[in-house]
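data.csv (CSV, C-alpha atoms and all ligand atoms)
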```csv
chain,number,residue,atom,x,y,z
A,157,MET,CA,12.5,-27.8,-17.2
A,158,PRO,CA,16.1,-28.0,-18.6
A,159,LYS,CA,18.3,-30.8,-17.2
A,160,LYS,CA,20.5,-28.2,-15.7
A,161,LYS,CA,22.1,-28.4,-12.3
A,162,ILE,CA,20.2,-26.8,-9.4
A,163,LEU,CA,22.5,-24.5,-7.6
A,164,ASN,CA,20.2,-23.2,-4.9
A,165,GLU,CA,16.6,-23.7,-3.8
A,166,ILE,CA,14.1,-22.2,-1.3
A,167,LYS,CA,10.6,-23.4,-0.3
A,168,LEU,CA,8.0,-21.3,1.2
A,169,SER,CA,4.6,-22.1,2.4
A,170,PHE,CA,2.1,-19.5,3.5
A,171,PRO,CA,-1.6,-18.9,3.9
A,172,SER,CA,-3.5,-17.0,1.2
A,173,LEU,CA,-3.7,-13.7,3.0
A,174,SER,CA,-3.3,-10.6,0.8
A,175,GLU,CA,-0.6,-9.3,3.1
A,176,ASN,CA,1.6,-12.2,1.7
A,177,GLU,CA,1.5,-10.8,-1.9
A,178,ARG,CA,4.2,-8.3,-0.9
A,179,PHE,CA,6.1,-10.7,1.3
A,180,SER,CA,6.3,-13.4,-1.4
A,181,ARG,CA,7.6,-11.1,-4.1
A,182,LEU,CA,10.2,-9.6,-1.8
A,183,ALA,CA,11.3,-13.0,-0.7
A,184,VAL,CA,11.8,-14.2,-4.3
A,185,SER,CA,13.5,-10.9,-5.1
A,186,GLY,CA,15.9,-11.4,-2.2
A,187,PHE,CA,16.6,-14.9,-3.3
A,188,ALA,CA,17.2,-13.8,-6.9
A,189,SER,CA,19.6,-11.0,-5.8
A,190,GLN,CA,22.5,-13.5,-5.6
A,191,LEU,CA,22.4,-13.7,-9.4
A,192,ASP,CA,23.2,-10.0,-9.4
A,193,PRO,CA,20.2,-9.1,-11.6
A,194,GLN,CA,19.6,-5.8,-13.2
A,195,VAL,CA,16.8,-3.5,-11.8
A,196,ASP,CA,14.5,-4.3,-14.7
A,197,GLU,CA,15.0,-8.1,-14.2
A,198,ILE,CA,14.1,-7.9,-10.5
A,199,SER,CA,11.1,-5.8,-11.3
A,200,ASP,CA,9.9,-8.4,-13.9
A,201,ILE,CA,10.3,-11.3,-11.4
A,202,LYS,CA,8.6,-9.4,-8.6
A,203,THR,CA,5.7,-8.6,-10.9
A,204,ALA,CA,5.3,-12.1,-12.2
A,205,VAL,CA,5.4,-13.6,-8.6
A,206,SER,CA,2.8,-11.0,-7.5
A,207,GLU,CA,0.5,-12.0,-10.4
A,208,ALA,CA,0.7,-15.8,-9.6
A,209,VAL,CA,0.3,-15.4,-5.8
A,210,THR,CA,-2.6,-12.9,-6.2
A,211,ASN,CA,-4.3,-15.4,-8.5
A,212,CYS,CA,-4.1,-18.0,-5.7
A,213,ILE,CA,-5.6,-15.5,-3.2
A,214,VAL,CA,-8.4,-14.1,-5.4
A,215,HIS,CA,-9.3,-17.1,-7.5
A,216,ALA,CA,-8.1,-20.4,-6.1
A,217,TYR,CA,-9.1,-19.7,-2.6
A,218,LYS,CA,-11.9,-17.3,-3.3
A,219,LYS,CA,-14.0,-18.0,-0.3
A,220,GLU,CA,-11.5,-19.6,2.1
A,221,ILE,CA,-7.9,-19.3,3.3
A,222,GLY,CA,-5.7,-22.0,1.9
A,223,LYS,CA,-2.1,-22.9,1.6
A,224,ILE,CA,0.2,-21.5,-1.1
A,225,GLU,CA,3.5,-23.2,-1.8
A,226,LEU,CA,6.3,-21.4,-3.5
A,227,ILE,CA,9.6,-23.0,-4.7
A,228,ALA,CA,12.3,-20.9,-6.2
A,229,ARG,CA,15.5,-22.3,-7.7
A,230,ILE,CA,18.6,-21.1,-9.3
A,231,TYR,CA,19.9,-23.3,-12.1
A,232,GLU,CA,23.3,-23.0,-13.7
A,233,ASP,CA,23.6,-20.5,-16.5
A,234,ASN,CA,21.8,-17.8,-14.5
A,235,VAL,CA,18.3,-19.3,-14.8
A,236,ILE,CA,15.7,-18.6,-12.1
A,237,TYR,CA,12.8,-21.0,-11.7
A,238,ILE,CA,9.7,-20.2,-9.7
A,239,LYS,CA,6.8,-22.5,-9.0
A,240,ILE,CA,3.7,-21.3,-7.3
A,241,LYS,CA,1.1,-23.9,-6.3
A,242,ASP,CA,-2.3,-23.9,-4.7
A,243,HIS,CA,-4.8,-26.6,-3.7
A,244,GLY,CA,-7.8,-24.4,-4.6
A,245,CYS,CA,-10.6,-24.6,-7.1
A,246,GLY,CA,-8.5,-25.2,-10.2
A,247,ILE,CA,-9.0,-23.8,-13.8
A,248,PRO,CA,-11.5,-25.6,-16.0
A,249,ASP,CA,-10.1,-24.3,-19.3
A,250,ILE,CA,-6.5,-23.2,-19.0
A,251,LYS,CA,-6.2,-22.0,-22.6
A,252,LYS,CA,-9.2,-19.7,-22.2
A,253,ALA,CA,-8.0,-18.5,-18.8
A,254,MET,CA,-4.7,-17.4,-20.4
A,255,GLU,CA,-6.3,-15.3,-23.1
A,256,PRO,CA,-5.6,-11.6,-22.4
A,257,LEU,CA,-8.6,-9.8,-20.8
A,258,PHE,CA,-10.3,-13.1,-19.8
A,259,THR,CA,-11.3,-12.9,-16.2
A,260,THR,CA,-13.9,-14.6,-14.0
A,261,SER,CA,-13.9,-11.6,-11.6
A,262,PRO,CA,-14.7,-8.5,-13.5
A,263,GLU,CA,-16.7,-7.1,-10.6
A,264,GLU,CA,-13.6,-7.0,-8.5
A,265,GLU,CA,-11.8,-4.9,-11.1
A,266,ARG,CA,-9.6,-7.7,-12.3
A,267,ALA,CA,-8.2,-6.8,-15.7
A,268,GLY,CA,-7.7,-10.4,-16.9
A,269,LEU,CA,-4.1,-9.6,-17.7
A,270,GLY,CA,-2.2,-11.5,-15.0
A,271,PHE,CA,-1.1,-14.4,-17.3
A,272,ALA,CA,-0.3,-12.0,-20.1
A,273,VAL,CA,2.0,-10.1,-17.7
A,274,MET,CA,3.7,-13.3,-16.5
A,275,GLU,CA,4.1,-14.5,-20.0
A,276,SER,CA,5.7,-11.3,-21.2
A,277,PHE,CA,7.9,-10.7,-18.2
A,278,MET,CA,9.3,-14.2,-17.9
A,279,ASP,CA,10.9,-16.4,-20.6
A,280,LYS,CA,8.6,-19.5,-20.0
A,281,LEU,CA,5.3,-20.0,-18.4
A,282,ARG,CA,3.6,-23.3,-17.8
A,283,VAL,CA,0.2,-23.7,-16.1
A,284,LEU,CA,-1.0,-27.1,-14.8
A,285,SER,CA,-4.4,-27.3,-13.2
A,286,LYS,CA,-7.1,-29.7,-12.3
A,287,GLU,CA,-10.6,-28.6,-11.3
A,288,GLY,CA,-11.2,-29.1,-7.6
A,289,LYS,CA,-7.6,-30.0,-7.0
A,290,GLY,CA,-5.5,-26.9,-7.6
A,291,THR,CA,-3.2,-25.1,-9.9
A,292,SER,CA,0.6,-24.9,-10.4
A,293,VAL,CA,2.3,-22.1,-12.3
A,294,ILE,CA,5.9,-22.6,-13.3
A,295,MET,CA,8.0,-19.8,-14.7
A,296,THR,CA,11.6,-19.5,-15.7
A,297,LYS,CA,13.8,-16.6,-16.7
A,298,LYS,CA,17.4,-16.5,-17.8
A,299,LEU,CA,19.1,-13.5,-16.5
A,300,ARG,CA,21.8,-11.6,-18.3
A,301,THR,CA,25.1,-12.8,-17.1
A,302,LYS,CA,27.7,-10.4,-15.7
A,303,LEU,CA,29.5,-10.5,-19.0
A,304,ASP,CA,26.4,-9.2,-20.8
A,305,LYS,CA,26.0,-6.3,-18.4
B,300,MET,CA,-7.6,37.2,-19.1
B,301,GLY,CA,-8.3,36.0,-15.6
B,302,LEU,CA,-12.0,35.6,-16.4
B,303,LYS,CA,-11.2,33.6,-19.5
B,304,ILE,CA,-9.1,31.2,-17.5
B,305,TYR,CA,-11.9,30.7,-15.0
B,306,ASP,CA,-14.3,30.0,-17.9
B,307,GLU,CA,-12.0,27.3,-19.1
B,308,VAL,CA,-11.6,25.8,-15.7
B,309,GLU,CA,-15.3,25.8,-15.2
B,310,GLU,CA,-15.8,23.8,-18.3
B,311,LYS,CA,-12.9,21.5,-17.7
B,312,SER,CA,-12.2,20.7,-14.1
B,313,LYS,CA,-9.3,18.5,-13.1
B,314,LEU,CA,-8.5,16.2,-10.3
B,315,THR,CA,-5.0,14.9,-9.8
B,316,ALA,CA,-4.5,11.8,-7.6
B,317,PHE,CA,-0.9,11.3,-6.5
B,318,ILE,CA,-0.4,7.7,-5.7
B,319,SER,CA,2.7,6.5,-3.9
B,320,GLY,CA,4.1,3.2,-2.8
B,321,GLU,CA,3.2,-0.3,-4.2
B,322,ILE,CA,0.0,-1.1,-6.0
B,323,ASP,CA,-1.1,-4.7,-5.7
B,324,HIS,CA,-4.4,-6.4,-4.9
B,325,HIS,CA,-3.9,-5.8,-1.2
B,326,SER,CA,-3.3,-2.1,-1.5
B,327,ALA,CA,-5.5,-1.3,-4.5
B,328,LYS,CA,-8.7,-1.3,-2.4
B,329,GLU,CA,-7.8,1.6,-0.3
B,330,ILE,CA,-6.4,3.6,-3.2
B,331,ARG,CA,-9.5,3.0,-5.2
B,332,LYS,CA,-11.7,4.1,-2.3
B,333,GLU,CA,-9.8,7.3,-1.8
B,334,ILE,CA,-9.9,8.2,-5.5
B,335,ASP,CA,-13.6,7.4,-5.8
B,336,ILE,CA,-14.6,9.6,-2.8
B,337,ASN,CA,-12.9,12.5,-4.4
B,338,LEU,CA,-14.3,11.7,-7.9
B,339,GLN,CA,-17.8,11.8,-6.4
B,340,LYS,CA,-17.2,15.0,-4.4
B,341,LEU,CA,-15.5,17.0,-7.2
B,342,ASN,CA,-17.0,15.5,-10.3
B,343,PRO,CA,-14.0,16.5,-12.5
B,344,THR,CA,-13.9,16.3,-16.3
B,345,ASP,CA,-10.3,15.1,-16.2
B,346,LEU,CA,-8.8,12.6,-13.7
B,347,TYR,CA,-5.1,12.6,-13.7
B,348,LEU,CA,-3.5,9.6,-11.9
B,349,ASP,CA,0.1,10.5,-11.0
B,350,PHE,CA,2.3,7.4,-10.8
B,351,SER,CA,5.6,9.2,-10.3
B,352,LYS,CA,6.0,7.9,-6.7
B,353,VAL,CA,4.7,4.4,-7.4
B,354,ASP,CA,7.6,1.9,-7.1
B,355,PHE,CA,5.8,-1.4,-7.8
B,356,MET,CA,2.6,-2.3,-9.7
B,357,ASP,CA,1.1,-5.5,-11.0
B,358,SER,CA,-2.1,-6.0,-13.0
B,359,SER,CA,-4.1,-4.8,-10.0
B,360,GLY,CA,-2.9,-1.3,-11.0
B,361,ILE,CA,-4.2,-1.9,-14.5
B,362,GLY,CA,-7.5,-2.9,-13.0
B,363,LEU,CA,-7.5,0.3,-11.0
B,364,VAL,CA,-7.0,2.5,-14.1
B,365,MET,CA,-9.6,0.5,-16.0
B,366,GLY,CA,-12.1,0.9,-13.2
B,367,ARG,CA,-11.6,4.7,-13.0
B,368,TYR,CA,-11.8,4.8,-16.8
B,369,LYS,CA,-15.2,3.2,-16.7
B,370,LEU,CA,-16.5,5.6,-14.0
B,371,GLN,CA,-15.2,8.6,-15.9
B,372,SER,CA,-16.6,7.5,-19.3
B,373,GLU,CA,-20.0,7.0,-17.8
B,374,ARG,CA,-19.9,10.7,-16.9
B,375,GLY,CA,-18.2,11.9,-20.0
B,376,GLY,CA,-14.9,12.4,-18.4
B,377,LYS,CA,-11.4,11.3,-19.2
B,378,VAL,CA,-8.5,9.6,-17.4
B,379,PHE,CA,-4.8,10.4,-17.8
B,380,ILE,CA,-1.8,8.5,-16.6
B,381,GLN,CA,0.7,11.0,-15.4
B,382,ASN,CA,4.5,10.5,-15.1
B,383,PRO,CA,4.9,6.8,-14.7
B,384,PRO,CA,8.5,5.6,-14.0
B,385,PRO,CA,9.9,3.4,-16.8
B,386,LEU,CA,9.3,0.1,-15.0
B,387,ILE,CA,5.7,1.0,-14.2
B,388,LYS,CA,5.1,2.2,-17.8
B,389,LYS,CA,6.4,-1.2,-19.0
B,390,VAL,CA,3.5,-2.9,-17.2
B,391,MET,CA,1.0,-0.4,-18.6
B,392,LEU,CA,2.2,-0.9,-22.1
B,393,VAL,CA,2.1,-4.7,-21.9
B,394,ALA,CA,-1.5,-4.3,-20.8
B,395,GLY,CA,-2.2,-1.8,-23.5
B,396,ILE,CA,-3.9,0.5,-20.9
B,397,ASN,CA,-2.6,3.5,-22.8
B,398,LYS,CA,-5.4,2.8,-25.3
B,399,LEU,CA,-7.9,3.8,-22.6
B,400,ALA,CA,-5.9,6.4,-20.7
B,401,LYS,CA,-3.3,8.5,-22.3
B,402,ILE,CA,0.1,8.5,-20.8
B,403,VAL,CA,1.3,12.1,-20.2
B,404,SER,CA,4.4,13.6,-18.8
B,405,ILE,CA,3.7,16.8,-16.9
B,406,ASP,CA,5.9,19.1,-14.9
B,407,VAL,CA,4.4,19.0,-11.4
B,408,PRO,CA,5.2,22.1,-9.2
B,409,LEU,CA,7.5,21.3,-6.4
B,410,SER,CA,5.1,22.4,-3.7
B,411,GLN,CA,2.6,19.8,-4.9
B,412,MET,CA,5.1,17.0,-5.1
B,413,GLN,CA,6.1,17.9,-1.6
B,414,LYS,CA,2.6,17.6,-0.3
B,415,ALA,CA,2.3,14.2,-2.0
B,416,LYS,CA,5.6,13.2,-0.6
B,417,GLU,CA,4.6,14.2,2.9
B,418,SER,CA,1.4,12.1,2.9
B,419,ALA,CA,3.4,9.2,1.6
B,420,GLU,CA,5.9,9.5,4.4
B,421,ASN,CA,3.3,9.3,7.1
B,422,SER,CA,3.2,5.5,6.7
B,423,ASP,CA,5.0,2.9,4.7
B,424,LYS,CA,1.6,1.8,3.4
B,425,PRO,CA,0.7,2.9,-0.1
B,426,SER,CA,-0.8,6.3,0.1
B,427,ILE,CA,-2.7,8.7,-2.0
B,428,HIS,CA,-3.0,12.4,-2.1
B,429,THR,CA,-5.5,14.1,-4.2
B,430,GLN,CA,-5.5,17.6,-5.5
B,431,ALA,CA,-8.1,19.5,-7.5
B,432,ASP,CA,-7.2,21.9,-10.2
B,433,ILE,CA,-3.5,21.7,-10.4
B,434,ASP,CA,-2.9,25.1,-11.8
B,435,VAL,CA,-4.3,26.9,-8.8
B,436,HIS,CA,-2.1,28.0,-6.0
B,437,LYS,CA,-3.0,26.5,-2.7
B,438,ASN,CA,-2.1,26.7,0.9
B,439,ASP,CA,-2.1,23.8,3.2
B,440,ASP,CA,-5.1,24.5,5.4
B,441,ASP,CA,-8.6,23.5,4.5
B,442,LYS,CA,-10.0,27.0,4.4
B,443,SER,CA,-7.9,28.0,1.5
B,444,ASN,CA,-8.8,24.8,-0.3
B,445,GLN,CA,-12.4,25.8,0.0
B,446,LYS,CA,-11.8,29.3,-1.3
B,447,THR,CA,-9.9,28.0,-4.3
B,448,SER,CA,-12.6,25.6,-5.3
B,449,GLU,CA,-15.2,28.4,-5.0
B,450,GLU,CA,-13.1,30.6,-7.2
B,451,VAL,CA,-12.5,28.0,-9.6
B,452,ASP,CA,-15.8,26.3,-10.2
B,453,GLY,CA,-18.2,28.0,-7.9
B,454,ASN,CA,-19.1,24.6,-6.5
B,455,ALA,CA,-17.8,24.8,-3.0
B,456,GLU,CA,-20.9,23.3,-1.5
B,457,GLU,CA,-20.3,20.1,-3.2
B,458,LYS,CA,-16.7,19.9,-2.0
B,459,ASN,CA,-17.7,20.7,1.5
B,460,SER,CA,-20.5,18.2,1.9
A,501,LIG,N1,-4.6,-20.1,-9.2
A,501,LIG,C1,-5.8,-20.1,-9.9
A,501,LIG,N2,-6.8,-20.8,-9.5
A,501,LIG,C2,-8.0,-20.8,-10.1
A,501,LIG,N3,-8.3,-20.0,-11.1
A,501,LIG,C3,-7.3,-19.2,-11.6
A,501,LIG,C4,-6.0,-19.2,-11.0
A,501,LIG,N4,-5.2,-18.3,-11.7
A,501,LIG,C5,-6.0,-17.8,-12.7
A,501,LIG,N5,-7.2,-18.3,-12.6
A,501,LIG,C6,-8.3,-18.0,-13.6
A,501,LIG,O1,-7.8,-17.5,-14.8
A,501,LIG,C7,-8.3,-16.2,-15.1
A,501,LIG,C8,-7.3,-15.3,-15.7
A,501,LIG,O2,-6.2,-15.0,-14.8
A,501,LIG,P1,-5.4,-13.7,-15.0
A,501,LIG,O3,-4.4,-13.6,-13.9
A,501,LIG,O4,-4.9,-13.6,-16.4
A,501,LIG,O5,-6.5,-12.5,-14.9
A,501,LIG,P2,-7.3,-12.1,-13.6
A,501,LIG,O6,-6.6,-12.6,-12.3
A,501,LIG,O7,-8.7,-12.4,-13.7
A,501,LIG,O8,-7.1,-10.5,-13.6
A,501,LIG,P3,-5.8,-9.7,-13.3
A,501,LIG,O9,-4.7,-10.7,-13.1
A,501,LIG,O10,-5.5,-8.8,-14.5
A,501,LIG,O11,-6.1,-8.9,-12.1
A,501,LIG,C9,-8.9,-15.7,-13.7
A,501,LIG,O12,-9.9,-14.8,-13.9
A,501,LIG,C10,-9.3,-17.0,-13.1
A,501,LIG,O13,-10.6,-17.4,-13.6
A,502,MG,MG,-4.6,-12.4,-12.0
```
Any chance you could give the structure as C-alpha cells?
Ligand SMILES: Nc1ncnc2c1ncn2[C@@H]1O[C@H](COP(=O)(O)OP(=O)(O)OP(=O)(O)O)[C@@H](O)[C@H]1O
Ligand SMILES: [Mg+2]
Amino acid sequence: MPKKKILNEIKLSFPSLSENERFSRLAVSGFASQLDPQVDEISDIKTAVSEAVTNCIVHAYKKEIGKIELIARIYEDNVIYIKIKDHGCGIPDIKKAMEPLFTTSPEEERAGLGFAVMESFMDKLRVLSKEGKGTSVIMTKKLRTKLDK
Amino acid sequence: MGLKIYDEVEEKSKLTAFISGEIDHHSAKEIRKEIDINLQKLNPTDLYLDFSKVDFMDSSGIGLVMGRYKLQSERGGKVFIQNPPPLIKKVMLVAGINKLAKIVSIDVPLSQMQKAKESAENSDKPSIHTQADIDVHKNDDDKSNQKTSEEVDGNAEEKNS
C-alpha cells in the first residue's frame, strides 16, 4: 500500500452468513460516501466487496460458519482501501484461482468470475492465502476528485 | 393473419421473467427456483430475463444467467437479457455473458411493468414475476391466464399442472 496518510478507518467483524453479503457492501458504501463518489464508483465498490465477502461465505467457510473481518480505510488523495479476511480453508493456487472462469463450485452455479470482477472494478487487487489458514483480499481504488467531476 | 400469428407463437413460445431488487448469492437461490419452476411448466423456446428493475448484481447474477443458458441449450432454447440498466450491463460485459445470452432492449408494455412492480413492492426482498408470451393481452386473474395460454399454445394442461 502507498505510504499515504490514513484519514479514516472502520473495522467490522461478522459471521459468514449470506445475509451479511448485503450488509457488508452497504456498510462500505456508506463509509465511502464521505468521499462524495459518483454513482458508478459506489456501484463498483459495492460489487467488489460483495464478491470478496461471498467468496468467504461460499468457499472459505464452505461447511461451517466462520468469522469475516473487514477493514476499510480512506487515504489522502481520495483512495479507498478495503481488506476482507477469513480464517477458512485457504487457496492452494492463487494464480489459478484468479483465472477467469476458474471455479471449484460449478455445481452451485458459480461463474468463476469473482476475481475478474474485483480486478476490473478496482484499481488494485492483492490476494494473500495460506492453505488451512485463510485468505486476505486487499483492494484499492482512487476515486475521481471533486475537481475531476 | 390471426392464425398466422398463432402459428408463429406455437413454434416459438416465450417466457419473460421480471427480476427486481438485488441479485447476490443470498438472493439468487430464490430467483433461480422461481424461474426454473416456470421454465419446466411452460417449456418456452425463448427465455427473456428482464433486468430493468435490478439495482445491484454481482457475479451471482452471471451464474444465474449461465445456469439458465445451460438449461435452455439442453432443450434447444435461448436466453435473452432484457433491458439491463447501465451499471448492471457493465457487470455483464466484464463477464462476457453477452456471448451466451444476447442483450436486447425491448419496449415493455406499461401494464406488464406495473405487474412486475407490484410484485416487487410486496417485499423489500428481491422478487421475480414471470409472464408467458409477452405479446398477448392478459388480465390479472388466473382464469384469463389459463385461457390465454390455451389460445396461444394449446398447452393449458401443462400450465395448470
Ligand atoms: N476466500 C476464499 N477462500 C477459499 N477459496 C477461495 C476464496 N476466494 C476464492 N476462492 C477460490 O477461488 C476460486 C475463484 O474465485 P472467484 O470468485 O473468481 O470465482 P467463484 O467464486 O468460483 O465464482 P463467482 O465468484 O463467479 O460466483 C473459487 O472457486 C475458490 O476455489
Ligand atoms: Mg466468487
Surroundings of ligand MG 502 (chain A) up to 8 Å, based on all atoms listed in the file, as a PyMOL selection string: (chain A and resi 207-208+210-211+214+259+266-271) or (chain B and resi 358-359)
Best match for closeness to chain B among A:Arg178, A:Lys161, A:Lys286, A:Lys167, counting all atoms listed in the file: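 So, comparing all the options, the nearest one is A:Arg178.
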Put a box with edges along x, y and z around all the listed atoms of ligand LIG 501 (chain A), pad it by 4 Å on each side, then give me its centre and sizes in Å, one decimal, as AutoDock Vina command-line options.
```
--center_x -7.5 --center_y -14.8 --center_z -12.8 --size_x 14.2 --size_y 20.0 --size_z 15.2
```
As a ChimeraX atom specification, please: every protein or nucleic acid residue near ligand LIG 501 (chain A) (cut-off 8 Å, counting only C-alpha atoms and all ligand atoms). /A:207-217,241-242,244-247,250,252-262,265-273,285,290-293 /B:324,358-359,361-362
Mind running chain B against chain A at 9 Å and telling me each contacting residue's nearest atom pair with the distance in Å (one decimal), counting all atoms listed in the file, chain and number ascending, as a tab-separated table?
```
residue	atom	partner	partner_atom	distance
B:Glu321	CA	A:Arg178	CA	8.7
B:Asp323	CA	A:Ser206	CA	7.6
B:His324	CA	A:Thr210	CA	6.9
B:His325	CA	A:Ser174	CA	5.2
B:Ser326	CA	A:Ser174	CA	8.8
B:Phe355	CA	A:Ser199	CA	7.7
B:Met356	CA	A:Thr203	CA	7.1
B:Asp357	CA	A:Thr203	CA	5.5
B:Ser358	CA	A:Gly270	CA	5.9
B:Ser359	CA	A:Arg266	CA	6.6
B:Gly360	CA	A:Ala267	CA	9.0
B:Ile361	CA	A:Ala267	CA	6.4
B:Gly362	CA	A:Ala267	CA	4.8
B:Leu363	CA	A:Glu265	CA	6.7
B:Met365	CA	A:Ala267	CA	7.4
B:Gly366	CA	A:Glu265	CA	6.2
B:Leu386	CA	A:Asp196	CA	6.8
B:Val390	CA	A:Val273	CA	7.4
B:Val393	CA	A:Val273	CA	6.8
B:Ala394	CA	A:Leu269	CA	6.7
```
So that I can see what lies close to B:Asn382, please list as a list in words the residues with an atom at most 8 Å from it, counting all atoms listed in the file and leaving out residues fewer than 5 positions away in the same chain.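 Contacts, with the query itself left out: Asp349, Phe350, Ser351, Ile402, Val403, Ser404 and Ile405 of chain B.
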With 8 Å as the threshold, what does the neighbourhood of (10.6, 2.3, -8.2) contain in terms of residues, counting only C-alpha atoms? Coordinates are those of the file; answer as a ChimeraX atom specification. /B:352-355,384,386-387
Between atom CA of A:Pro171 and atom CA of A:Tyr231 - distance in Å to one decimal: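 Result for atom CA of A:Tyr231 versus atom CA of A:Pro171: 27.2 Å, one decimal.
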Between atom CA of A:Asn164 and atom CA of A:Asp192 - distance in Å to one decimal: 14.3 Å
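Using all atoms listed in the file, the residues found no farther than 6 Å from stretch 168-170 of chain A, other than those of its own chain fewer than 3 positions away, are Lys223, Ile224, Glu225 and Leu226 of chain A.
With only C-alpha atoms as the atoms that count, the minimum distance from B:Lys311 to the choices B:Lys389, B:Lys377, B:His428, B:Lys401 is reached by B:Lys377.
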Counting only C-alpha atoms, which residue out of B:Gln413, B:Thr429, B:Gln381, B:Asn397 sits closest to B:Ala316? B:Thr429
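Relative to atom CA of B:Ser410, atom CA of B:Pro383 is found at 19.1 Å.
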For B:Tyr368, find every residue with an atom within 12 Å (counting all atoms listed in the file), except residues of its own chain fewer than 5 positions away, and show them as JSON, numbers by chain. {"A": [265], "B": [331, 334, 335, 338, 344, 345, 346, 347, 348, 361, 362, 363, 373, 374, 375, 376, 377, 378, 379, 380, 396, 397, 398, 399, 400, 401]}
Spatial neighbours of A:Gln190, max dist 12 Å, all atoms listed in the file, sep filter under 2 positions, as an MDAnalysis selection string: chainID A and resid 163:165 184:188 192:194 198 229:230 234:236 299 301:302
